[in-house]
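Undergrad: Quick one: the structure is below, questions incoming.
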Amino acid sequence: MTTVGNQVRAVGVEQSGIRCAAVIGAGSMGSGIAAQFANAGVPVILLDIAGDAANRNGPAEAGIARQLKVGGFMHPDAAKLVRAGNTEDDLHLLAEADWIIEAVIEKLEVKRDLYRRIAALRKPDAVVASNTSTIPLAQLVEGMESDFAAHFMINHFFNPPRVMQLVEIVASPANAPETVARIRNACETVLGKTVVDCRDTPGFIANRIGCYWLAAGALEARKLGLTIEEADAVNTALGVPRTGVFGLLDLVGLDLIPNIWGSLMNTLPETDAMHRQDLPGDSTVKKILADGRFGRKSGAGYYRVNQDRSREATDLETGEFRPETPFPTANLPGGGRKLAELLDADDKYGRYAWTVFKEILVYSATHAPVIAGDIEAIDKAMELGYAWRQGPFRLADSYGAARVAERLRSAGEEVPALIGAAAANGGFYAEGRPLKSNGERAVQSTFSVSMLAALKASSKPIHGNEAASIWDLGDGIACFEMHTKMNSFTPAVFDVLEWAIEQGPGHFRSLVIGNDDPRAFSAGADLSFFARKIEEQDWQTIEDYLVRGQNLFLRLKYSPFPVVAAAHGLALGGGCEIILHANAVVAHAEFQGGLPEVKVGLVPGWGGCTQLLLRAHTSANGQKGPAAAARTAFDTIFAGNPSRSALEARASGILPTDSRIVMNRSHLIGAAKARALDLVENGFAAPDRALITVAGKSGWLGLMTAVEGERAAGRLSETDVRLAGTLLSVLTGGEEGDQVKPLTEEDVMALERKALIGLIRKPETKARIDHMLKTGKPLKN
Amino acid sequence: MTREAYIAAYVRTPFTFARKGALAGVRADDLGAHVIRELIARTRVPGHEIEDVIWGCAFPEGEQGLNIGRVVGMLAGLPETTAGATINRWCGSSIQAVQMAAGMLMMNAGDAFIAGGTESMSRVPMMGFNPLPHPSWDQQATQDYINVGLTAERVARMFNVTRDDQDRFAFASHSKARAAQKDGRLAEEIAPVQVGGTIVADDGCVRDTSLEKLQDLKPAFLKDGTVTAGASSPVTDGATAVLVCTKEFAERHGLKLLSKVKSFAVSGCAPGIMGMGPVEASRKAMSRAGLTINDIDIVEMNEAFAAQAEACRRELGIPEEKLNIDGGALALGHPLGATGGRLVGKASQLLQREGKRLALTTQCIGGGMGIAMILEAA
């Protein structure tokens, strides 16, 4: 049996010039970066120090194993692209690499020694980059030969590298612009990251502002008499992740506080406000460290979870543990949702929120001219490196830049020039244009946006309504964009799709299905619609809706123009089914697609069963035979879990094996358009009509045996078993199914419909739907 | 003069866990060819004198399809003139293969046979890739036929084999196998397999365990049931082969005979209690040899599940000290089509090693059957 490997070279990798990468240092950062190269289908060498004689590559292999465990790889097969080695025996391998990233211990001499050895064997054009977060570029390259220095820069990644979007690039005057451009493009295209250009200043941008925030957040909480639970809730309401300040310090590791802040305070001038936020000098911090409480890695820090699951929190005055008192953000002024109400509140929460917010904003505005080209660089760094909902300047715009300036003035505080400029000129951003560090308005944002976003800002759709639009992407390619809540399907969405199928050929040569929603490609059919119809017992409307969706999706598949799905984010149920009917798929690497219908007591009804069964028969992966194909489709549908990556979706049949994968979300629509152009220019013809072999009653019985076994073992409920039986009857061709009588797609779709109509009348299905609508979680019944 | 069938040699691969074990990457036919080559090498029997390769396999499809009995002989380098057949009696396949060789020999249809079997449960799943039972069966009938774990639960209930009984039985099996492995008592029968750069020489399923660990396991097949993974034979990869021949053939080639096939029986029972198959089959085989259980010195009974093996032991009155003295399938593993060859081969070796006279080999078979063969020391 041949299998299609789950290592796919992502779109743009070939053109990036990165044919082989290398990472030195297999700690969590280094091995995570290596994994991300592998996720993009790039062979990567991962070196660490030599292990003992039994396994010289042990340390590097341990790094790969760790990434397999923590989910750094998008599919376990991708790990096969990582070649483990050690810096004693295998340094010569680096001669293959186009991009060498150093992620070893933060010791200048260790790094410089390594660079000297790399300099001797690196490919002439290869770039060497350090992932340092604390050592200035100037010190790293001091005394290195000029050609090495010309190819050396800092690429600062964030942990975990697969998830965190930010890469800070610090280039030097010695770098040729095209060298920087090559690495910037590779960061974006190959690794899917967003690059923020930084200067060679301590902590660059994200950690400089981030450390200031953490210190101010921790120290002000104590001063203003907030508990750590209250302080973390306030910070969460300001838009930082739920860990807040103290939870994040626990995560980072409290033992690092003296080093990180020490290093910043050593390198920053005494006039820098960082010196006012002396976190290592705080008596509570000192006590916590003296007690050996280093955060999550040592089992205790500011917070502690005991063996009996009880939770404790630190009293900021004594440094001792006391029982945790959870503080929901809803208890804050404005319910934790209204920023202005929180910042204006005349209580300790309001005062703390304002102080923390003001400290970050003033510090950012004061230092922006030195550390960043424009304010957006700082906002992006915090949004992508620290996962803030909004960076300090966007947050200030939400509150009102003028209001900030006014409050500062009335309190007799100095107003930094940038805040003054924003207050006077309609905010830090106007029409998406940020202020530059010198206070002037930039002509446009320096960050790339999706092709669709750019188009929407400057033109009108070809056709559309309140639920969906069709945009002209140029070159005869159109984009079908849903814009309902979570992009779920409604009859109005179908109206536009119908128009596209019928009128499309007069307006475009190919149709891309996609959108820029940050979360969902499409959450599928609107569940509350079904709930209403069940309540009304209006089975006919449900059936009509099913027929309409099935017909539309099938017509899409066999239309004379190619349909390309630009798959991303969540694509559930109907959202996944429309992708299953596309002629080609370009998917973002972090695609989460799946058919979760069983979780609400249903089976896929817009062709999902049919197309997955067909794919199980025709794909190169998987076992052949009527029951085997049904089992493959069954396993995917009955599990009901969305994929955790495009590679995983491809392995389970949700995406076709010839899907193209895009690492950078904002490149997706552009790549889908390119794929569409490819298809039209290479003589696209609609696929031939398919016939599907089914296993019949016999296959049903065979596959049900495994299901019954699971029930006996207590792993499936009666409802699960009935649902499995119904699903299997669709996948095995129903009562009349016979393996010598293949069915058309329409035949299997009719079975889907019949199954769904039967299931939707059942009280246990209604219970599952109601529970899902109420809680967002599946009901086990 | 009545012709008599003897077991003159026995060899097997190491048995290793399916999917995660060292032999998961090796095809079933390669495993089979390996033990045949080894059997020929050890006995120095000229291949052209082998009448037939009679080969057990429980799921002869995929890589195990295409009449694997013929394929393994060809791959092993036996001459084209030696025939090959695949025998499928599910778990009983390779005791059946020995019987067929003995039967052919006794009707003067050949003097020497290689009997054995292979199963790669890694590469061909139990119940096959496309389970397609007869559509006239109902759920219960299909369950009883296919879900052997549940039949073990039923046997445990009907014959009052408690969870504790099963854990203790399993612990004994694991302990015996571990001791046999440590003492090198398993090495004689094993033909190490080269996989890539490494030599796989030891059984992979044999492991240290404790009664406490076994007692901690959750039921595997039935909620609130008693049968755990530790008291069930693991899914396993492996192959076994024995040489079945006449006394004259052995003398001509200077082979030391191990045992003589004395009697044989198969029997049927309700599919839902297939684990009890050995009882009737053993009684029939003993009766045909004019023996009672008291005459039997060595018993090699397959341990599909501790529940059924213990129930059969009690029903047949087998003393614990005579049963599976080097451990059973709970510890060693149960590569379906290969297991019968191990039981016959092992019993034959044990008769010699222990200086005993009579051995019973027996197995339960899914679908509700038993199989048994009596061997007498040669």
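Letters A, B, ... go to the chains of the structure tokens in the order shown; residues in each chain start at 1; ligands are counted from 1 in the same order.
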If we count only C-alpha atoms and set the cut-off at 8 Å, which residues sit around range 706-710 of chain A, ignoring sequence neighbours fewer than 6 positions away in its own chain? Please answer as a list in words.
TA: Leu716, Val721 and Ala724 of chain A; Gln143, Asn147, Leu150 and Phe221 of chain B
Undergrad: Could you please take those selected residues and save N, CA and C atoms as a PDB file, in the first residue's frame?
TA:
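Below you can see again.pdb, which holds the result:
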ATOM      1  N   LEU A 716     -19.942   3.886  24.687  1.00  0.00           N
ATOM      2  CA  LEU A 716     -20.969   4.546  23.873  1.00  0.00           C
ATOM      3  C   LEU A 716     -22.331   4.360  24.535  1.00  0.00           C
ATOM      4  N   VAL A 721     -25.186   4.650  19.815  1.00  0.00           N
ATOM      5  CA  VAL A 721     -25.243   3.435  18.993  1.00  0.00           C
ATOM      6  C   VAL A 721     -26.308   3.580  17.907  1.00  0.00           C
ATOM      7  N   ALA A 724     -24.901   5.864  15.342  1.00  0.00           N
ATOM      8  CA  ALA A 724     -23.899   5.141  14.549  1.00  0.00           C
ATOM      9  C   ALA A 724     -24.591   4.250  13.533  1.00  0.00           C
TER      10      ALA A 724
ATOM     11  N   GLN B 143     -22.523 -10.318  16.946  1.00  0.00           N
ATOM     12  CA  GLN B 143     -21.706 -10.026  18.127  1.00  0.00           C
ATOM     13  C   GLN B 143     -21.046 -11.300  18.652  1.00  0.00           C
ATOM     14  N   ASN B 147     -17.282 -10.636  18.368  1.00  0.00           N
ATOM     15  CA  ASN B 147     -16.705  -9.942  19.535  1.00  0.00           C
ATOM     16  C   ASN B 147     -16.300 -10.947  20.611  1.00  0.00           C
ATOM     17  N   LEU B 150     -16.455 -10.229  24.476  1.00  0.00           N
ATOM     18  CA  LEU B 150     -17.730 -10.385  25.185  1.00  0.00           C
ATOM     19  C   LEU B 150     -18.031 -11.856  25.472  1.00  0.00           C
ATOM     20  N   PHE B 221     -13.848  -4.862  27.782  1.00  0.00           N
ATOM     21  CA  PHE B 221     -14.908  -5.167  26.807  1.00  0.00           C
ATOM     22  C   PHE B 221     -16.303  -4.869  27.312  1.00  0.00           C
TER      23      PHE B 221
END
Undergrad: Determine, counting only C-alpha atoms, which protein, DNA and RNA residues have an atom within 8 Å of an atom of Arg116 in chain A; residues of the same chain fewer than 4 positions away are not included. Present the result as a list of chain:residue names.
TA: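 Once the nearby chain positions are removed, what remains is A:Arg112, A:Ala120, A:Met144.
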Undergrad: Those selected residues, please, written with C-alpha atoms and delivered as an mmCIF file, in the first residue's frame.
TA:
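Result file follows (part-v3.cif):
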data_model
loop_
_atom_site.group_PDB
_atom_site.id
_atom_site.type_symbol
_atom_site.label_atom_id
_atom_site.label_comp_id
_atom_site.auth_asym_id
_atom_site.auth_seq_id
_atom_site.Cartn_x
_atom_site.Cartn_y
_atom_site.Cartn_z
ATOM 1 C CA ARG A 112 30.035 33.912 19.599
ATOM 2 C CA ALA A 120 33.731 28.668 8.475
ATOM 3 C CA MET A 144 33.128 38.950 13.294
#
Undergrad: Write out as a Markdown table the residues of range 216-278 of chain B that have any atom within 10 Å of an atom of range 36-48 of chain B, one row each with the nearest atom pair and its distance in Å to one decimal, counting only C-alpha atoms, sorted by chain and then rising number.
TA:
| residue | atom | partner | partner_atom | distance |
| --- | --- | --- | --- | --- |
| B:Ala239 | CA | B:Ile36 | CA | 9.4 |
| B:Thr240 | CA | B:Ile36 | CA | 8.4 |
| B:Ala241 | CA | B:Ile36 | CA | 6.4 |
| B:Val242 | CA | B:Leu39 | CA | 7.5 |
| B:Leu243 | CA | B:Leu39 | CA | 7.5 |
| B:Phe249 | CA | B:Val45 | CA | 9.5 |
| B:Ala250 | CA | B:Val45 | CA | 9.2 |
| B:Arg252 | CA | B:Val45 | CA | 9.8 |
| B:His253 | CA | B:Val45 | CA | 6.7 |
| B:Gly254 | CA | B:Thr43 | CA | 8.5 |
| B:Leu255 | CA | B:Thr43 | CA | 6.8 |
| B:Lys256 | CA | B:Thr43 | CA | 9.3 |
Undergrad: Under the rule that only C-alpha atoms are counted, which of A:Val748, A:Val70, A:Leu613, A:Ala695 is the nearest residue to chain B?
TA: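 For chain B, the nearest of the candidates is A:Ala695.
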Undergrad: Compute the chain A side of the contact with chain B at 9 Å, counting only C-alpha atoms, and hand it back as a list in words.
TA: Gln623, Lys624, Gly625, Pro626, Ala627, Ala628, Ala629, Arg631, Ala695, Gly696, Lys697, Ser698, Gly699, Trp700, Leu701, Gly702, Leu703, Met704, Thr705, Ala706, Glu708, Gly709, Glu710, Arg711, Ala712, Ala713, Gly714 and Arg715 of chain A
Undergrad: Output C-alpha atoms for every residue in that selection, as a compact mmCIF listing (two decimals), in the first residue's frame.
TA:
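Output contents, as saved in part-v7.txt:
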# COMPACT_ATOMS: atom_id res chain seq x y z
CA GLN A 623 -7.68 0.51 2.81
CA LYS A 624 -9.80 -0.46 -0.14
CA GLY A 625 -13.04 -2.38 -0.31
CA PRO A 626 -16.67 -1.53 0.30
CA ALA A 627 -16.67 -1.92 4.08
CA ALA A 628 -13.21 -0.42 4.49
CA ALA A 629 -14.20 2.80 2.72
CA ARG A 631 -15.35 2.52 7.93
CA ALA A 695 -21.14 -2.45 1.30
CA GLY A 696 -24.86 -3.05 1.89
CA LYS A 697 -26.55 -4.65 4.85
CA SER A 698 -23.66 -7.05 5.30
CA GLY A 699 -21.11 -4.24 5.66
CA TRP A 700 -23.48 -2.46 8.01
CA LEU A 701 -23.62 -5.53 10.23
CA GLY A 702 -19.86 -5.96 10.16
CA LEU A 703 -19.16 -2.36 11.09
CA MET A 704 -21.89 -2.24 13.70
CA THR A 705 -20.21 -5.08 15.54
CA ALA A 706 -17.38 -2.78 16.51
CA GLU A 708 -21.83 -2.66 19.69
CA GLY A 709 -18.56 -3.72 21.27
CA GLU A 710 -17.90 -0.12 22.30
CA ARG A 711 -21.36 0.08 23.81
CA ALA A 712 -20.81 -3.11 25.78
CA ALA A 713 -17.55 -1.71 27.12
CA GLY A 714 -19.46 1.34 28.34
CA ARG A 715 -17.85 3.78 25.92
Undergrad: Could you list, as a PyMOL selection string, every residue within 10 Å of range 318-320 of chain B, counting only C-alpha atoms and ignoring same-chain residues fewer than 3 positions away?
TA: chain B and resi 169+172+293-294+296-299+310+312-315+323-325
Undergrad: May I have the selected residues written with N, CA and C atoms, as a PDB file, in the first residue's frame?
TA:
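Result file again-v7.pdb:
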ATOM      1  N   PHE B 169      -4.762 -15.958  37.502  1.00  0.00           N
ATOM      2  CA  PHE B 169      -4.385 -16.810  36.377  1.00  0.00           C
ATOM      3  C   PHE B 169      -3.419 -16.061  35.463  1.00  0.00           C
ATOM      4  N   ALA B 172       0.013 -15.634  36.938  1.00  0.00           N
ATOM      5  CA  ALA B 172       0.784 -16.884  36.853  1.00  0.00           C
ATOM      6  C   ALA B 172       1.367 -17.043  35.452  1.00  0.00           C
ATOM      7  N   ILE B 293      -7.694 -37.409  31.493  1.00  0.00           N
ATOM      8  CA  ILE B 293      -6.836 -36.267  31.837  1.00  0.00           C
ATOM      9  C   ILE B 293      -5.728 -36.678  32.790  1.00  0.00           C
ATOM     10  N   ASN B 294      -5.975 -37.706  33.567  1.00  0.00           N
ATOM     11  CA  ASN B 294      -4.950 -38.166  34.505  1.00  0.00           C
ATOM     12  C   ASN B 294      -3.720 -38.738  33.804  1.00  0.00           C
ATOM     13  N   ILE B 296      -2.419 -37.423  31.153  1.00  0.00           N
ATOM     14  CA  ILE B 296      -1.729 -36.340  30.429  1.00  0.00           C
ATOM     15  C   ILE B 296      -0.673 -35.701  31.340  1.00  0.00           C
ATOM     16  N   ASP B 297       0.538 -35.531  30.822  1.00  0.00           N
ATOM     17  CA  ASP B 297       1.629 -34.962  31.603  1.00  0.00           C
ATOM     18  C   ASP B 297       1.818 -33.463  31.357  1.00  0.00           C
ATOM     19  N   ILE B 298       1.568 -33.083  30.135  1.00  0.00           N
ATOM     20  CA  ILE B 298       1.856 -31.700  29.710  1.00  0.00           C
ATOM     21  C   ILE B 298       0.619 -31.177  28.994  1.00  0.00           C
ATOM     22  N   VAL B 299       0.182 -29.966  29.361  1.00  0.00           N
ATOM     23  CA  VAL B 299      -0.923 -29.355  28.608  1.00  0.00           C
ATOM     24  C   VAL B 299      -0.471 -28.005  28.059  1.00  0.00           C
ATOM     25  N   GLU B 310      -9.133 -20.565  32.313  1.00  0.00           N
ATOM     26  CA  GLU B 310      -9.333 -21.061  33.665  1.00  0.00           C
ATOM     27  C   GLU B 310     -10.604 -21.922  33.739  1.00  0.00           C
ATOM     28  N   CYS B 312     -11.910 -23.680  31.324  1.00  0.00           N
ATOM     29  CA  CYS B 312     -11.608 -24.959  30.666  1.00  0.00           C
ATOM     30  C   CYS B 312     -10.725 -25.827  31.563  1.00  0.00           C
ATOM     31  N   ARG B 313      -9.761 -25.168  32.213  1.00  0.00           N
ATOM     32  CA  ARG B 313      -8.873 -25.921  33.104  1.00  0.00           C
ATOM     33  C   ARG B 313      -9.689 -26.633  34.186  1.00  0.00           C
ATOM     34  N   ARG B 314     -10.635 -25.880  34.736  1.00  0.00           N
ATOM     35  CA  ARG B 314     -11.455 -26.477  35.794  1.00  0.00           C
ATOM     36  C   ARG B 314     -12.333 -27.593  35.240  1.00  0.00           C
ATOM     37  N   GLU B 315     -12.981 -27.334  34.113  1.00  0.00           N
ATOM     38  CA  GLU B 315     -13.894 -28.323  33.532  1.00  0.00           C
ATOM     39  C   GLU B 315     -13.162 -29.610  33.181  1.00  0.00           C
ATOM     40  N   LEU B 323       0.003 -27.126  33.353  1.00  0.00           N
ATOM     41  CA  LEU B 323      -0.532 -26.237  32.310  1.00  0.00           C
ATOM     42  C   LEU B 323       0.469 -25.150  31.922  1.00  0.00           C
ATOM     43  N   ASN B 324       0.753 -25.084  30.654  1.00  0.00           N
ATOM     44  CA  ASN B 324       1.528 -23.971  30.075  1.00  0.00           C
ATOM     45  C   ASN B 324       2.727 -23.618  30.950  1.00  0.00           C
ATOM     46  N   ILE B 325       3.631 -24.572  31.110  1.00  0.00           N
ATOM     47  CA  ILE B 325       4.668 -24.396  32.127  1.00  0.00           C
ATOM     48  C   ILE B 325       5.682 -23.300  31.777  1.00  0.00           C
TER      49      ILE B 325
END
Undergrad: Using DSSP on the backbone, list every residue of range 119-303 of chain B that comes out as helix (DSSP H, G or I), and give them as a ChimeraX atom specification.
TA: /B:139-146,148-158,163-182,187-189,211-216,229-231,247-252,271-288,293-295
Undergrad: Give me the residues near Thr86 in chain B as a list in words, where near means some atom within 6 Å (using only C-alpha atoms) and where sequence neighbours in that chain fewer than 4 positions away do not count.
TA: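 So the residues in contact are Trp55, Gly56, Asn67 and Gly69 of chain B.
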Undergrad: Selection from above, C-alpha atoms, as a short mmCIF file (atom, residue, chain, number, x, y, z; two decimals), in the first residue's frame, can you write it?
TA:
data_model
loop_
_atom_site.label_atom_id
_atom_site.label_comp_id
_atom_site.auth_asym_id
_atom_site.auth_seq_id
_atom_site.Cartn_x
_atom_site.Cartn_y
_atom_site.Cartn_z
CA TRP B 55 -0.19 -22.92 6.46
CA GLY B 56 -2.59 -21.50 8.98
CA ASN B 67 -2.79 -18.33 -0.88
CA GLY B 69 0.69 -21.11 2.06
#
Undergrad: Leaving out Arg288 in chain B and any residue of its chain fewer than 2 positions from it, which residues lie within 10 Å of it when counting only C-alpha atoms, given as a PyMOL selection string?
TA: chain B and resi 262-265+282-286+290-291+374
Undergrad: Skipping near chain neighbours, those fewer than 5 positions away, what residues fall within 10 Å of Pro258 in chain A using only C-alpha atoms, listed as a tab-separated table (two decimals) with C-alpha atoms, in the first residue's frame?
TA:
chain	number	residue	atom	x	y	z
A	263	SER	CA	19.42	42.71	32.40
A	264	LEU	CA	16.94	45.40	31.31
A	278	ASP	CA	11.82	47.40	40.38
A	279	LEU	CA	10.12	44.03	40.40
A	280	PRO	CA	13.19	42.05	41.60
A	281	GLY	CA	13.49	44.47	44.52
A	285	VAL	CA	8.93	38.71	45.09
A	286	LYS	CA	12.02	38.18	47.20
A	289	LEU	CA	11.86	33.27	45.42
Undergrad: Residues of range 72-126 of chain A that have any atom at most 12 Å from an atom of range 158-174 of chain A: could you tabulate them with the shortest-distance atom pair and the distance in Å to one decimal, using only C-alpha atoms, ordered by chain and increasing number, as a Markdown table?
TA:
| residue | atom | partner | partner_atom | distance |
| --- | --- | --- | --- | --- |
| A:Gly72 | CA | A:Arg162 | CA | 5.9 |
| A:Phe73 | CA | A:Arg162 | CA | 8.0 |
| A:Met74 | CA | A:Arg162 | CA | 8.8 |
| A:Ala103 | CA | A:Phe158 | CA | 11.7 |
Undergrad: Those same residues - C-alpha atoms - I'd like them written as a JSON list (two decimals), in the first residue's frame.
TA:
[["chain", "number", "residue", "atom", "x", "y", "z"],
["A", 72, "GLY", "CA", 4.36, 21.71, 17.94],
["A", 73, "PHE", "CA", 3.95, 19.52, 14.86],
["A", 74, "MET", "CA", 0.83, 19.86, 12.76],
["A", 103, "ALA", "CA", 18.53, 29.35, 19.85]]
Undergrad: If you run DSSP on this backbone, which residues of range 239-339 of chain B come out as strand (DSSP E), and could you give them as a ChimeraX atom specification?
TA: /B:239-245,259-268,298-301
Undergrad: At a cut-off of 8 Å, using only C-alpha atoms, what residues contact Ala307 in chain B? Leave out same-chain residues fewer than 6 positions from it and give the result as a compact mmCIF listing (two decimals) with C-alpha atoms, in the first residue's frame.
TA:
# COMPACT_ATOMS: atom_id res chain seq x y z
CA ALA B 152 -15.04 -14.25 27.52
CA GLU B 153 -17.22 -12.12 29.80
CA VAL B 155 -17.87 -17.53 30.07
CA ALA B 156 -16.57 -15.80 33.19
CA VAL B 161 -14.42 -17.24 37.05
CA ASP B 165 -9.42 -15.68 39.54
CA GLN B 166 -8.58 -14.09 36.21
CA VAL B 227 -12.10 -9.16 31.57
CA ALA B 231 -6.20 -11.02 31.32
Undergrad: Can you tell me how far CA of Asp111 in chain B sits from CA of Leu78 in chain B, in Å to one decimal?
TA: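 Pair CA of Asp111 in chain B / CA of Leu78 in chain B returns 16.0 Å.
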Undergrad: Between CA of Leu595 in chain A and CA of Leu572 in chain A, what distance in Å does the model show, to one decimal?
TA: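 About the pair CA of Leu595 in chain A and CA of Leu572 in chain A: they are 5.6 Å apart.
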Undergrad: In terms of the shortest atom-to-atom distance over only C-alpha atoms, which of B:Arg12, B:Arg168, B:His174, B:Lys260 is closest to Ala329 in chain B?
TA: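 Closest to Ala329 in chain B of all the choices is B:His174.
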